[in-house]
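Shown below: query_5.tsv, with TSV, C-alpha atoms.
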```tsv
chain	number	residue	atom	x	y	z
A	1	GLY	CA	0.00	0.00	0.00
A	2	ALA	CA	0.95	3.70	0.15
A	3	LEU	CA	1.08	5.99	3.14
A	4	ALA	CA	0.57	9.74	2.73
A	5	VAL	CA	3.20	11.99	4.28
A	6	GLY	CA	2.98	15.76	4.39
A	7	THR	CA	2.75	18.92	6.45
A	8	GLY	CA	-0.64	20.16	5.38
A	9	ALA	CA	0.22	20.76	1.74
A	10	ALA	CA	-2.55	20.50	-0.81
A	11	THR	CA	-0.94	17.41	-2.33
A	12	PRO	CA	1.00	15.46	0.29
A	13	SER	CA	3.85	13.22	-0.73
A	14	SER	CA	3.42	9.46	-0.90
A	15	VAL	CA	5.72	6.60	0.10
A	16	THR	CA	5.12	3.16	-1.41
A	17	LEU	CA	5.44	0.37	1.16
A	18	GLY	CA	4.59	-2.69	-0.91
A	19	ALA	CA	2.14	-5.51	-0.16
A	20	THR	CA	2.31	-7.07	3.28
A	21	PRO	CA	-0.45	-9.75	3.54
A	22	ASP	CA	-1.46	-11.06	6.96
A	23	ALA	CA	0.54	-8.33	8.71
A	24	PRO	CA	-0.46	-5.31	10.78
A	25	PRO	CA	-0.88	-2.09	8.79
A	26	PRO	CA	2.02	0.37	8.61
A	27	VAL	CA	2.26	3.16	11.17
A	28	LEU	CA	3.43	6.76	10.83
A	29	ALA	CA	4.84	9.41	13.15
A	30	GLN	CA	4.69	12.87	11.60
A	31	GLY	CA	7.42	15.42	12.40
A	32	LEU	CA	8.21	19.03	11.54
A	33	GLU	CA	9.22	20.41	8.14
A	34	GLY	CA	8.01	17.33	6.26
A	35	ARG	CA	9.99	14.95	8.45
A	36	GLY	CA	8.42	11.71	9.51
A	37	THR	CA	8.95	8.04	10.34
A	38	VAL	CA	7.16	5.11	8.73
A	39	ALA	CA	7.31	1.53	10.08
A	40	ALA	CA	5.94	-1.49	8.20
A	41	ALA	CA	6.05	-5.23	8.79
A	42	SER	CA	7.96	-7.34	6.30
A	43	PRO	CA	8.29	-11.13	5.90
A	44	GLU	CA	11.89	-10.81	4.79
A	45	GLY	CA	14.41	-12.69	6.87
A	46	GLY	CA	11.69	-14.60	8.65
A	47	GLY	CA	9.98	-11.42	9.83
A	48	ARG	CA	11.14	-7.94	10.71
A	49	VAL	CA	10.04	-4.31	10.83
A	50	VAL	CA	11.36	-1.91	8.20
A	51	VAL	CA	11.69	1.64	9.55
A	52	ARG	CA	12.11	4.51	7.10
A	53	GLU	CA	12.96	8.09	8.03
A	54	LEU	CA	11.45	10.59	5.61
A	55	ALA	CA	12.12	14.13	4.43
A	56	ASP	CA	9.04	14.96	2.40
A	57	ALA	CA	8.91	12.25	-0.30
A	58	ALA	CA	12.57	11.27	0.08
A	59	VAL	CA	13.66	8.38	2.25
A	60	THR	CA	16.76	9.50	4.17
A	61	THR	CA	17.40	6.39	6.29
A	62	THR	CA	16.17	2.79	6.19
A	63	GLN	CA	16.76	0.14	8.84
A	64	GLY	CA	15.37	-3.32	9.51
A	65	VAL	CA	14.78	-4.34	13.14
A	66	SER	CA	13.78	-7.67	14.66
A	67	GLY	CA	13.42	-9.27	18.06
A	68	PRO	CA	15.95	-11.83	19.35
A	69	ALA	CA	13.70	-14.83	18.58
A	70	GLY	CA	12.48	-13.60	15.19
A	71	GLY	CA	9.25	-14.73	13.63
A	72	PRO	CA	6.31	-13.02	11.94
A	73	ILE	CA	5.19	-9.56	13.04
A	74	THR	CA	1.82	-9.73	14.76
A	75	GLY	CA	1.44	-6.22	16.12
A	76	LEU	CA	2.88	-2.79	15.34
A	77	ALA	CA	2.64	0.60	17.06
A	78	MET	CA	4.57	3.90	17.04
A	79	ALA	CA	4.87	6.90	19.36
A	80	GLY	CA	6.32	10.08	17.80
A	81	ALA	CA	7.92	13.00	19.62
A	82	GLY	CA	6.67	15.53	17.05
A	83	ASN	CA	10.20	16.32	15.86
A	84	GLY	CA	10.95	13.24	13.77
A	85	ASN	CA	12.11	11.11	16.70
A	86	ALA	CA	9.95	8.10	17.50
A	87	LEU	CA	9.68	4.78	19.29
A	88	VAL	CA	8.52	1.75	17.28
A	89	ALA	CA	7.01	-1.17	19.28
A	90	PHE	CA	6.05	-4.45	17.69
A	91	ALA	CA	4.96	-7.96	18.68
A	92	GLN	CA	6.83	-10.78	17.02
A	93	GLY	CA	6.85	-14.58	17.02
A	94	ALA	CA	4.40	-17.43	17.42
A	95	ALA	CA	1.75	-17.40	20.09
A	96	ASP	CA	3.75	-19.61	22.46
A	97	GLU	CA	7.01	-17.70	21.82
A	98	GLY	CA	5.72	-14.15	21.54
A	99	GLN	CA	7.95	-11.18	22.33
A	100	ILE	CA	7.68	-7.41	22.42
A	101	ALA	CA	10.51	-5.39	20.88
A	102	VAL	CA	11.13	-1.63	20.76
A	103	ALA	CA	13.24	0.32	18.24
A	104	ARG	CA	14.29	3.94	18.69
A	105	VAL	CA	14.42	6.43	15.84
A	106	ASP	CA	16.59	9.53	16.26
A	107	ALA	CA	15.93	11.92	13.41
A	108	PRO	CA	18.63	14.41	12.38
A	109	PRO	CA	17.97	18.13	12.81
A	110	VAL	CA	15.92	19.64	10.02
A	111	PRO	CA	17.46	22.47	7.97
A	112	PHE	CA	17.54	25.79	9.80
A	113	ALA	CA	18.15	29.41	8.88
A	114	VAL	CA	21.49	31.27	9.05
A	115	GLU	CA	21.76	35.06	9.17
A	116	VAL	CA	24.89	36.70	7.74
A	117	PRO	CA	25.83	40.39	7.28
A	118	PRO	CA	24.41	42.37	4.34
A	119	GLU	CA	25.66	41.82	0.82
A	120	TRP	CA	28.70	44.04	1.55
A	121	THR	CA	30.11	44.93	4.96
A	122	ASN	CA	33.22	46.69	6.28
A	123	VAL	CA	33.02	45.10	9.75
A	124	ARG	CA	36.34	43.52	10.73
A	125	ARG	CA	34.69	40.82	12.86
A	126	PRO	CA	31.40	39.91	11.16
A	127	LEU	CA	28.69	38.29	13.29
A	128	ILE	CA	27.09	35.04	12.08
A	129	THR	CA	23.84	33.99	13.78
A	130	TRP	CA	21.40	31.14	13.23
A	131	GLN	CA	18.16	29.64	14.51
A	132	ALA	CA	17.92	26.35	16.34
A	133	PRO	CA	16.62	23.44	14.25
A	134	PRO	CA	12.82	23.32	14.68
A	135	ASN	CA	12.87	19.64	15.59
A	136	ASP	CA	15.96	19.84	17.82
A	137	PRO	CA	16.05	23.13	19.78
A	138	ARG	CA	19.01	21.96	21.88
A	139	PRO	CA	21.45	20.10	19.61
A	140	ARG	CA	24.71	18.84	21.01
A	141	ASP	CA	26.78	21.58	19.33
A	142	TYR	CA	27.35	23.53	16.12
A	143	ALA	CA	30.24	23.92	13.69
A	144	VAL	CA	30.72	27.00	11.49
A	145	HIS	CA	32.22	26.72	8.00
A	146	VAL	CA	33.46	29.68	5.94
A	147	ASP	CA	34.63	29.18	2.36
A	148	GLY	CA	34.84	25.43	2.86
A	149	ARG	CA	36.95	25.44	6.03
A	150	ILE	CA	35.89	25.11	9.65
A	151	VAL	CA	36.48	28.32	11.59
A	152	ALA	CA	34.84	27.14	14.85
A	153	ARG	CA	33.94	23.77	16.37
A	154	LYS	CA	31.77	22.86	19.34
A	155	VAL	CA	29.87	26.13	19.41
A	156	TYR	CA	27.04	26.00	21.94
A	157	ASP	CA	25.51	29.43	21.33
A	158	ARG	CA	23.47	30.39	18.29
A	159	GLY	CA	25.97	32.97	17.06
A	160	LEU	CA	29.66	33.48	16.37
A	161	GLN	CA	31.71	36.64	15.86
A	162	LEU	CA	34.47	35.71	13.45
A	163	PRO	CA	38.01	36.35	14.69
A	164	LEU	CA	40.22	39.11	13.30
A	165	GLY	CA	42.00	38.13	10.12
A	166	ALA	CA	39.64	35.26	9.37
A	167	LEU	CA	38.30	36.91	6.22
A	168	ALA	CA	39.99	38.63	3.31
A	169	ASP	CA	38.18	41.23	1.23
A	170	GLY	CA	35.79	39.66	-1.25
A	171	PRO	CA	32.80	37.25	-1.31
A	172	HIS	CA	32.36	34.47	1.28
A	173	ARG	CA	30.18	31.34	1.69
A	174	VAL	CA	28.90	30.32	5.13
A	175	THR	CA	27.27	27.12	6.39
A	176	VAL	CA	26.49	25.89	9.91
A	177	THR	CA	26.26	22.23	10.94
A	178	ALA	CA	24.12	21.07	13.89
A	179	ARG	CA	24.86	17.74	15.59
A	180	SER	CA	21.93	15.97	17.20
A	181	ARG	CA	22.00	15.46	20.95
A	182	THR	CA	20.11	12.17	20.67
A	183	GLY	CA	22.44	10.60	18.14
A	184	GLY	CA	20.34	11.30	15.08
A	185	GLY	CA	23.25	12.55	13.04
A	186	GLU	CA	23.92	16.08	11.82
A	187	THR	CA	22.45	18.57	9.39
A	188	THR	CA	24.20	21.36	7.48
A	189	THR	CA	22.36	24.51	6.45
A	190	PRO	CA	22.13	25.77	2.89
A	191	VAL	CA	24.91	28.15	1.83
A	192	SER	CA	24.57	31.81	2.82
A	193	THR	CA	26.75	34.44	1.13
A	194	PHE	CA	28.07	37.90	1.91
A	195	ALA	CA	31.17	39.97	1.06
A	196	THR	CA	33.66	42.14	2.94
A	197	ASP	CA	35.32	45.37	1.78
A	198	ARG	CA	37.40	47.34	4.27
A	199	ARG	CA	39.29	49.67	1.92
A	200	ARG	CA	38.16	53.26	1.57
A	201	PRO	CA	37.43	54.90	-1.79
A	202	GLN	CA	40.18	56.94	-3.46
A	203	ILE	CA	39.69	60.57	-4.53
A	204	SER	CA	41.66	62.60	-7.09
A	205	VAL	CA	41.32	66.36	-7.72
A	206	THR	CA	42.79	67.80	-10.96
A	207	ARG	CA	42.88	71.43	-12.16
A	208	ARG	CA	42.95	72.42	-15.80
A	209	GLY	CA	42.86	76.15	-16.11
A	210	ARG	CA	39.80	77.37	-14.24
A	211	ARG	CA	38.14	73.95	-14.54
A	212	VAL	CA	38.47	71.37	-11.70
A	213	LEU	CA	37.75	67.65	-12.12
A	214	VAL	CA	37.00	65.24	-9.23
A	215	ARG	CA	37.19	61.46	-9.69
A	216	VAL	CA	36.27	58.75	-7.14
A	217	THR	CA	37.30	55.08	-7.45
A	218	ASP	CA	37.02	52.03	-5.19
A	219	PRO	CA	40.25	49.97	-5.18
A	220	GLY	CA	40.27	46.19	-5.31
A	221	GLY	CA	38.50	45.34	-8.55
A	222	SER	CA	34.95	44.18	-9.12
A	223	ARG	CA	35.22	41.04	-6.92
A	224	ARG	CA	36.99	42.55	-3.91
A	225	ALA	CA	35.47	46.04	-3.87
A	226	SER	CA	31.87	46.99	-3.19
A	227	GLY	CA	31.99	49.98	-5.55
A	228	VAL	CA	31.31	53.67	-5.05
A	229	ALA	CA	27.86	54.18	-3.56
A	230	GLU	CA	25.30	55.62	-5.94
A	231	GLY	CA	24.82	59.26	-4.99
A	232	GLY	CA	27.31	58.92	-2.14
A	233	THR	CA	29.73	61.71	-3.18
A	234	THR	CA	29.50	65.34	-2.06
A	235	VAL	CA	31.77	68.20	-3.24
A	236	ASP	CA	32.15	71.68	-1.71
A	237	TRP	CA	33.97	73.72	-4.35
A	238	GLY	CA	34.99	76.52	-1.98
A	239	ASP	CA	33.23	79.34	-3.90
A	240	ASP	CA	29.78	78.97	-2.30
A	241	ALA	CA	28.93	76.18	-4.78
A	242	THR	CA	28.16	72.63	-3.53
A	243	ASP	CA	27.20	69.47	-5.42
A	244	ASP	CA	25.74	66.40	-3.71
A	245	GLY	CA	24.17	63.16	-4.87
A	246	LEU	CA	27.16	62.52	-7.15
A	247	THR	CA	28.86	59.16	-7.67
A	248	ARG	CA	32.22	58.82	-9.47
A	249	ARG	CA	32.81	62.09	-11.32
A	250	ALA	CA	32.22	65.82	-10.86
A	251	THR	CA	33.40	68.98	-12.67
A	252	HIS	CA	33.25	72.67	-11.84
A	253	ARG	CA	34.36	75.87	-13.61
A	254	TYR	CA	35.26	78.93	-11.53
A	255	ALA	CA	34.12	82.37	-12.61
A	256	ALA	CA	36.91	84.23	-10.79
A	257	GLY	CA	40.51	83.52	-9.86
A	258	GLY	CA	42.00	83.11	-6.42
A	259	THR	CA	42.77	80.42	-3.85
A	260	VAL	CA	39.96	77.98	-3.03
A	261	SER	CA	39.62	74.97	-0.72
A	262	VAL	CA	37.85	71.98	-2.31
A	263	LEU	CA	36.30	69.44	0.10
A	264	VAL	CA	35.23	66.00	-1.20
A	265	ARG	CA	33.46	63.26	0.78
A	266	ALA	CA	32.90	59.82	-0.84
A	267	LEU	CA	31.11	56.66	0.37
A	268	ASP	CA	31.18	53.09	-0.97
A	269	ASP	CA	28.51	50.37	-0.76
A	270	ALA	CA	30.24	48.69	2.22
A	271	GLY	CA	30.07	51.88	4.32
A	272	ASN	CA	33.69	53.02	3.99
A	273	VAL	CA	34.08	56.82	3.91
A	274	THR	CA	36.89	59.03	2.55
A	275	THR	CA	37.23	62.78	3.03
A	276	LEU	CA	39.77	64.87	1.08
A	277	ARG	CA	40.50	68.61	1.29
A	278	ARG	CA	42.64	70.24	-1.42
A	279	ARG	CA	43.75	73.90	-1.77
A	280	LEU	CA	43.98	75.13	-5.34
A	281	THR	CA	45.03	78.38	-6.98
A	282	ILE	CA	42.64	79.30	-9.77
A	283	PRO	CA	43.91	81.71	-12.48
A	284	GLY	CA	41.83	84.76	-13.28
A	285	PRO	CA	39.87	85.06	-16.50
A	286	ARG	CA	41.69	86.36	-19.60
A	287	LYS	CA	40.87	89.89	-20.80
A	288	PRO	CA	39.28	90.32	-24.23
A	289	ALA	CA	41.71	91.34	-27.02
A	290	GLY	CA	39.80	94.58	-27.84
A	291	ASP	CA	40.02	96.10	-24.34
A	292	ALA	CA	42.45	99.05	-23.88
A	293	ALA	CA	45.14	98.59	-21.31
A	294	PRO	CA	47.71	101.00	-19.83
A	295	GLY	CA	50.71	101.31	-22.17
A	296	ASP	CA	48.69	100.61	-25.36
A	297	ASP	CA	46.51	103.30	-26.94
A	298	ALA	CA	45.92	105.46	-23.87
A	299	PRO	CA	48.16	106.32	-20.93
A	300	ALA	CA	47.28	105.18	-17.48
A	301	ALA	CA	45.65	107.78	-15.33
A	302	GLY	CA	48.31	110.20	-14.09
A	303	GLY	CA	51.10	108.36	-15.99
A	304	ASP	CA	53.67	109.21	-18.67
A	305	ASP	CA	52.39	109.06	-22.25
A	306	THR	CA	55.84	108.87	-23.93
A	307	ALA	CA	55.57	105.18	-24.63
A	308	THR	CA	52.10	105.67	-26.01
A	309	THR	CA	53.27	108.46	-28.39
A	310	ARG	CA	56.15	106.38	-29.70
A	311	ALA	CA	53.93	103.38	-30.29
A	312	THR	CA	51.38	105.53	-32.15
A	313	THR	CA	54.04	107.15	-34.37
A	314	THR	CA	55.51	103.76	-35.24
A	315	ALA	CA	52.09	102.41	-36.10
A	316	ARG	CA	51.39	105.39	-38.43
A	317	ARG	CA	54.68	104.97	-40.22
A	318	ARG	CA	53.96	101.32	-40.80
A	319	ALA	CA	50.55	102.22	-42.14
A	320	ARG	CA	51.91	104.64	-44.89
A	321	PRO	CA	51.81	103.28	-48.43
A	322	HIS	CA	55.17	102.32	-49.87
A	323	ARG	CA	56.45	104.67	-52.63
A	324	THR	CA	58.69	103.40	-55.42
A	325	THR	CA	60.99	105.97	-57.24
A	326	ARG	CA	61.89	105.03	-60.75
A	327	ARG	CA	65.31	106.26	-61.82
A	328	PRO	CA	66.01	107.05	-65.53
A	329	ALA	CA	68.08	104.53	-67.38
A	330	PRO	CA	71.76	105.63	-67.85
A	331	THR	CA	72.72	107.07	-71.29
A	332	THR	CA	75.36	105.36	-73.33
A	333	ARG	CA	77.18	106.54	-76.52
A	334	SER	CA	77.24	104.34	-79.49
A	335	PRO	CA	80.80	104.06	-80.76
A	336	ALA	CA	79.62	103.54	-84.36
A	337	ARG	CA	77.20	106.38	-84.95
A	338	GLY	CA	78.13	108.80	-82.19
A	339	THR	CA	74.68	108.96	-80.93
A	340	TYR	CA	73.38	108.70	-77.47
A	341	ARG	CA	70.85	106.31	-76.22
```
For the structure just supplied, provide its representation as structure tokens.
Amino acid sequence: GALAVGTGAATPSSVTLGATPDAPPPVLAQGLEGRGTVAAASPEGGGRVVVRELADAAVTTTQGVSGPAGGPITGLAMAGAGNGNALVAFAQGAADEGQIAVARVDAPPVPFAVEVPPEWTNVRRPLITWQAPPNDPRPRDYAVHVDGRIVARKVYDRGLQLPLGALADGPHRVTVTARSRTGGGETTTPVSTFATDRRRPQISVTRRGRRVLVRVTDPGGSRRASGVAEGGTTVDWGDDATDDGLTRRATHRYAAGGTVSVLVRALDDAGNVTTLRRRLTIPGPRKPAGDAAPGDDAPAAGGDDTATTRATTTARRRARPHRTTRRPAPTTRSPARGTYR
């Protein structure tokens, strides 16, 4: 026959037990999180009870138990603890040699939840916490694994603060293993992930003329750095102008020259903060080419105009048209005719 196993789902799982004529019906003890225990009589080996531990529809453990004298199974009962553990009692043997036997089932802890830091953290000693297994609130102990290696054994609390130096910057994988107090084995949680980044962003300030450029980067590359936080950069340009909500790049052009103090504050996704203050000397704006200046076309107020007069006279001379004087060709006497040309 088949025995339904489930935790209140609309379609419970089913475990096929096979035909067992002239034997007591199978018995079930239902546990938490789809765990359960099924016991059924079997004629194999002259008579025994087959006990199966279940996780939903999967059979995790199978064992065959029998009394010392053996014989057919004539009675079968089970008492469950509600957590997957159970006691199986059965009557076995002929009427004149009957015996009562008891088998104990110790179910392993069911999977439980682990809480790790956020996706990125800059904490030097991250805290890992977890819940107790629902079917085993007081397991014997826990073991904590990080990146495939055990960082702590025989942990009795439901939390562990990792030691200094245990983690390098970058992504990490965490699992916790619970060992049953009653001998039911151990269960390891699914993998939980997080990443560490303890290096602060880097800021550069560059001046080109009256234009200033600010760049923010997060060292370490894409796998070991969390990246500059979106909108986490603020710049005070020192001339009553401020920009916030920036990320990796900012530019500013100054209207007047002078010395300014630029203050930049940058944040990355792991919470690291960098602040940089830089003093810059900004050149003044260039004057238009058509503007008169002292020493050009007009003397400065109260000054000597000699240089101006000389410059004006030179300019007028250069502006005069060039005159070409044509000299008459020289006359020569022809020795043959005595005439002049």
Proximity to Arg179 in chain A - best of A:Pro109, A:Pro24, A:Gly257, A:Gly31, all atoms listed in the file: A:Pro109
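Minimum atom-to-atom distance to Asp269 in chain A, evaluated using only C-alpha atoms, belongs to A:Gly227 out of A:Pro126, A:Gly227, A:Gly84, A:Gly165.
Comparing the minimum interatomic distances between Ala89 in chain A and each of A:Leu280, A:Ala41, A:Ala229, A:Ala132, counting all atoms listed in the file, we find that A:Ala41 sits nearest.
Candidate residues A:Val216, A:Leu76, A:Val176, A:Val38 were compared for distance to Thr62 in chain A, and the nearest is A:Val38, using only C-alpha atoms.
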Could you name the residues that touch Ala86 in chain A at 12 Å or less, counting all atoms listed in the file, but leaving out those on the same chain fewer than 3 positions away, as a ChimeraX atom specification? /A:27-31,35-39,51-53,77-83,89,102-108,182,184
Based on the selection just made, write C-alpha atoms of those residues as a CSV table (one decimal), in the frame of the given file.
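Output below, filename again.csv:
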```
chain,number,residue,atom,x,y,z
A,27,VAL,CA,2.3,3.2,11.2
A,28,LEU,CA,3.4,6.8,10.8
A,29,ALA,CA,4.8,9.4,13.2
A,30,GLN,CA,4.7,12.9,11.6
A,31,GLY,CA,7.4,15.4,12.4
A,35,ARG,CA,10.0,15.0,8.4
A,36,GLY,CA,8.4,11.7,9.5
A,37,THR,CA,9.0,8.0,10.3
A,38,VAL,CA,7.2,5.1,8.7
A,39,ALA,CA,7.3,1.5,10.1
A,51,VAL,CA,11.7,1.6,9.6
A,52,ARG,CA,12.1,4.5,7.1
A,53,GLU,CA,13.0,8.1,8.0
A,77,ALA,CA,2.6,0.6,17.1
A,78,MET,CA,4.6,3.9,17.0
A,79,ALA,CA,4.9,6.9,19.4
A,80,GLY,CA,6.3,10.1,17.8
A,81,ALA,CA,7.9,13.0,19.6
A,82,GLY,CA,6.7,15.5,17.0
A,83,ASN,CA,10.2,16.3,15.9
A,89,ALA,CA,7.0,-1.2,19.3
A,102,VAL,CA,11.1,-1.6,20.8
A,103,ALA,CA,13.2,0.3,18.2
A,104,ARG,CA,14.3,3.9,18.7
A,105,VAL,CA,14.4,6.4,15.8
A,106,ASP,CA,16.6,9.5,16.3
A,107,ALA,CA,15.9,11.9,13.4
A,108,PRO,CA,18.6,14.4,12.4
A,182,THR,CA,20.1,12.2,20.7
A,184,GLY,CA,20.3,11.3,15.1
```
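The shell of residues at most 10 Å from Thr74 in chain A, with only C-alpha atoms counted and near chain neighbours (fewer than 2 positions) removed, consists of Asp22, Ala23, Pro24, Ala41, Gly47, Gly71, Pro72, Leu76, Phe90, Ala91, Gln92, Gly93, Ala94, Ala95, Gly98, Gln99 and Ile100 of chain A.
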CA of Arg124 in chain A and CA of Pro163 in chain A, how far apart in Å? 8.4 Å
Of the listed residues A:Thr274, A:Thr129, A:Thr233, A:Ser204, that which approaches Ser192 in chain A most closely, counting all atoms listed in the file: A:Thr129
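Interatomic distance, CA of Ala166 in chain A to CA of Thr275 in chain A: 28.3 Å.
Between CA of Asn272 in chain A and CA of Thr193 in chain A lies a distance of 20.0 Å.
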Emit a file covering range 231-250 of chain A of the preceding structure with N, CA, C and O atoms, as a PDB file, in the first residue's frame.
```
ATOM      1  N   GLY A 231      25.207  58.010  -5.652  1.00  0.00           N
ATOM      2  CA  GLY A 231      24.817  59.256  -4.989  1.00  0.00           C
ATOM      3  C   GLY A 231      25.511  59.499  -3.672  1.00  0.00           C
ATOM      4  O   GLY A 231      25.064  60.339  -2.886  1.00  0.00           O
ATOM      5  N   GLY A 232      26.637  58.801  -3.430  1.00  0.00           N
ATOM      6  CA  GLY A 232      27.310  58.918  -2.138  1.00  0.00           C
ATOM      7  C   GLY A 232      28.467  59.896  -2.099  1.00  0.00           C
ATOM      8  O   GLY A 232      29.246  59.875  -1.150  1.00  0.00           O
ATOM      9  N   THR A 233      28.611  60.757  -3.115  1.00  0.00           N
ATOM     10  CA  THR A 233      29.726  61.710  -3.177  1.00  0.00           C
ATOM     11  C   THR A 233      29.200  63.133  -3.087  1.00  0.00           C
ATOM     12  O   THR A 233      28.243  63.494  -3.777  1.00  0.00           O
ATOM     13  N   THR A 234      29.846  63.927  -2.235  1.00  0.00           N
ATOM     14  CA  THR A 234      29.500  65.345  -2.060  1.00  0.00           C
ATOM     15  C   THR A 234      30.752  66.187  -2.236  1.00  0.00           C
ATOM     16  O   THR A 234      31.820  65.825  -1.731  1.00  0.00           O
ATOM     17  N   VAL A 235      30.626  67.327  -2.976  1.00  0.00           N
ATOM     18  CA  VAL A 235      31.771  68.199  -3.239  1.00  0.00           C
ATOM     19  C   VAL A 235      31.402  69.626  -2.864  1.00  0.00           C
ATOM     20  O   VAL A 235      30.380  70.155  -3.323  1.00  0.00           O
ATOM     21  N   ASP A 236      32.229  70.251  -2.006  1.00  0.00           N
ATOM     22  CA  ASP A 236      32.148  71.682  -1.713  1.00  0.00           C
ATOM     23  C   ASP A 236      33.293  72.347  -2.462  1.00  0.00           C
ATOM     24  O   ASP A 236      34.468  72.136  -2.143  1.00  0.00           O
ATOM     25  N   TRP A 237      32.956  73.179  -3.465  1.00  0.00           N
ATOM     26  CA  TRP A 237      33.972  73.724  -4.354  1.00  0.00           C
ATOM     27  C   TRP A 237      34.704  74.917  -3.769  1.00  0.00           C
ATOM     28  O   TRP A 237      35.681  75.389  -4.359  1.00  0.00           O
ATOM     29  N   GLY A 238      34.284  75.417  -2.631  1.00  0.00           N
ATOM     30  CA  GLY A 238      34.987  76.517  -1.978  1.00  0.00           C
ATOM     31  C   GLY A 238      34.624  77.896  -2.478  1.00  0.00           C
ATOM     32  O   GLY A 238      35.237  78.879  -2.045  1.00  0.00           O
ATOM     33  N   ASP A 239      33.654  78.019  -3.396  1.00  0.00           N
ATOM     34  CA  ASP A 239      33.232  79.336  -3.897  1.00  0.00           C
ATOM     35  C   ASP A 239      31.726  79.491  -3.727  1.00  0.00           C
ATOM     36  O   ASP A 239      31.058  80.066  -4.585  1.00  0.00           O
ATOM     37  N   ASP A 240      31.218  78.942  -2.612  1.00  0.00           N
ATOM     38  CA  ASP A 240      29.785  78.966  -2.297  1.00  0.00           C
ATOM     39  C   ASP A 240      28.967  78.035  -3.191  1.00  0.00           C
ATOM     40  O   ASP A 240      27.735  78.103  -3.188  1.00  0.00           O
ATOM     41  N   ALA A 241      29.635  77.162  -3.954  1.00  0.00           N
ATOM     42  CA  ALA A 241      28.929  76.178  -4.776  1.00  0.00           C
ATOM     43  C   ALA A 241      29.160  74.788  -4.188  1.00  0.00           C
ATOM     44  O   ALA A 241      30.284  74.437  -3.805  1.00  0.00           O
ATOM     45  N   THR A 242      28.097  73.983  -4.086  1.00  0.00           N
ATOM     46  CA  THR A 242      28.155  72.633  -3.529  1.00  0.00           C
ATOM     47  C   THR A 242      27.347  71.694  -4.411  1.00  0.00           C
ATOM     48  O   THR A 242      26.243  72.036  -4.836  1.00  0.00           O
ATOM     49  N   ASP A 243      27.908  70.512  -4.673  1.00  0.00           N
ATOM     50  CA  ASP A 243      27.203  69.472  -5.418  1.00  0.00           C
ATOM     51  C   ASP A 243      27.108  68.235  -4.547  1.00  0.00           C
ATOM     52  O   ASP A 243      28.104  67.786  -3.980  1.00  0.00           O
ATOM     53  N   ASP A 244      25.908  67.663  -4.434  1.00  0.00           N
ATOM     54  CA  ASP A 244      25.739  66.399  -3.706  1.00  0.00           C
ATOM     55  C   ASP A 244      24.931  65.435  -4.566  1.00  0.00           C
ATOM     56  O   ASP A 244      24.437  65.785  -5.629  1.00  0.00           O
ATOM     57  N   GLY A 245      24.845  64.181  -4.096  1.00  0.00           N
ATOM     58  CA  GLY A 245      24.171  63.162  -4.875  1.00  0.00           C
ATOM     59  C   GLY A 245      24.980  62.688  -6.070  1.00  0.00           C
ATOM     60  O   GLY A 245      24.444  62.072  -6.987  1.00  0.00           O
ATOM     61  N   LEU A 246      26.296  62.958  -6.054  1.00  0.00           N
ATOM     62  CA  LEU A 246      27.158  62.517  -7.145  1.00  0.00           C
ATOM     63  C   LEU A 246      27.649  61.104  -6.878  1.00  0.00           C
ATOM     64  O   LEU A 246      27.469  60.552  -5.794  1.00  0.00           O
ATOM     65  N   THR A 247      28.347  60.521  -7.848  1.00  0.00           N
ATOM     66  CA  THR A 247      28.858  59.157  -7.671  1.00  0.00           C
ATOM     67  C   THR A 247      30.354  59.108  -7.926  1.00  0.00           C
ATOM     68  O   THR A 247      31.150  59.148  -6.996  1.00  0.00           O
ATOM     69  N   ARG A 248      30.788  59.035  -9.175  1.00  0.00           N
ATOM     70  CA  ARG A 248      32.217  58.819  -9.467  1.00  0.00           C
ATOM     71  C   ARG A 248      32.905  60.011 -10.098  1.00  0.00           C
ATOM     72  O   ARG A 248      34.131  60.032 -10.168  1.00  0.00           O
ATOM     73  N   ARG A 249      32.177  61.026 -10.547  1.00  0.00           N
ATOM     74  CA  ARG A 249      32.807  62.094 -11.315  1.00  0.00           C
ATOM     75  C   ARG A 249      32.056  63.400 -11.090  1.00  0.00           C
ATOM     76  O   ARG A 249      30.827  63.408 -11.000  1.00  0.00           O
ATOM     77  N   ALA A 250      32.826  64.500 -11.004  1.00  0.00           N
ATOM     78  CA  ALA A 250      32.222  65.824 -10.857  1.00  0.00           C
ATOM     79  C   ALA A 250      33.167  66.849 -11.462  1.00  0.00           C
ATOM     80  O   ALA A 250      34.397  66.711 -11.362  1.00  0.00           O
TER      81      ALA A 250
END
```
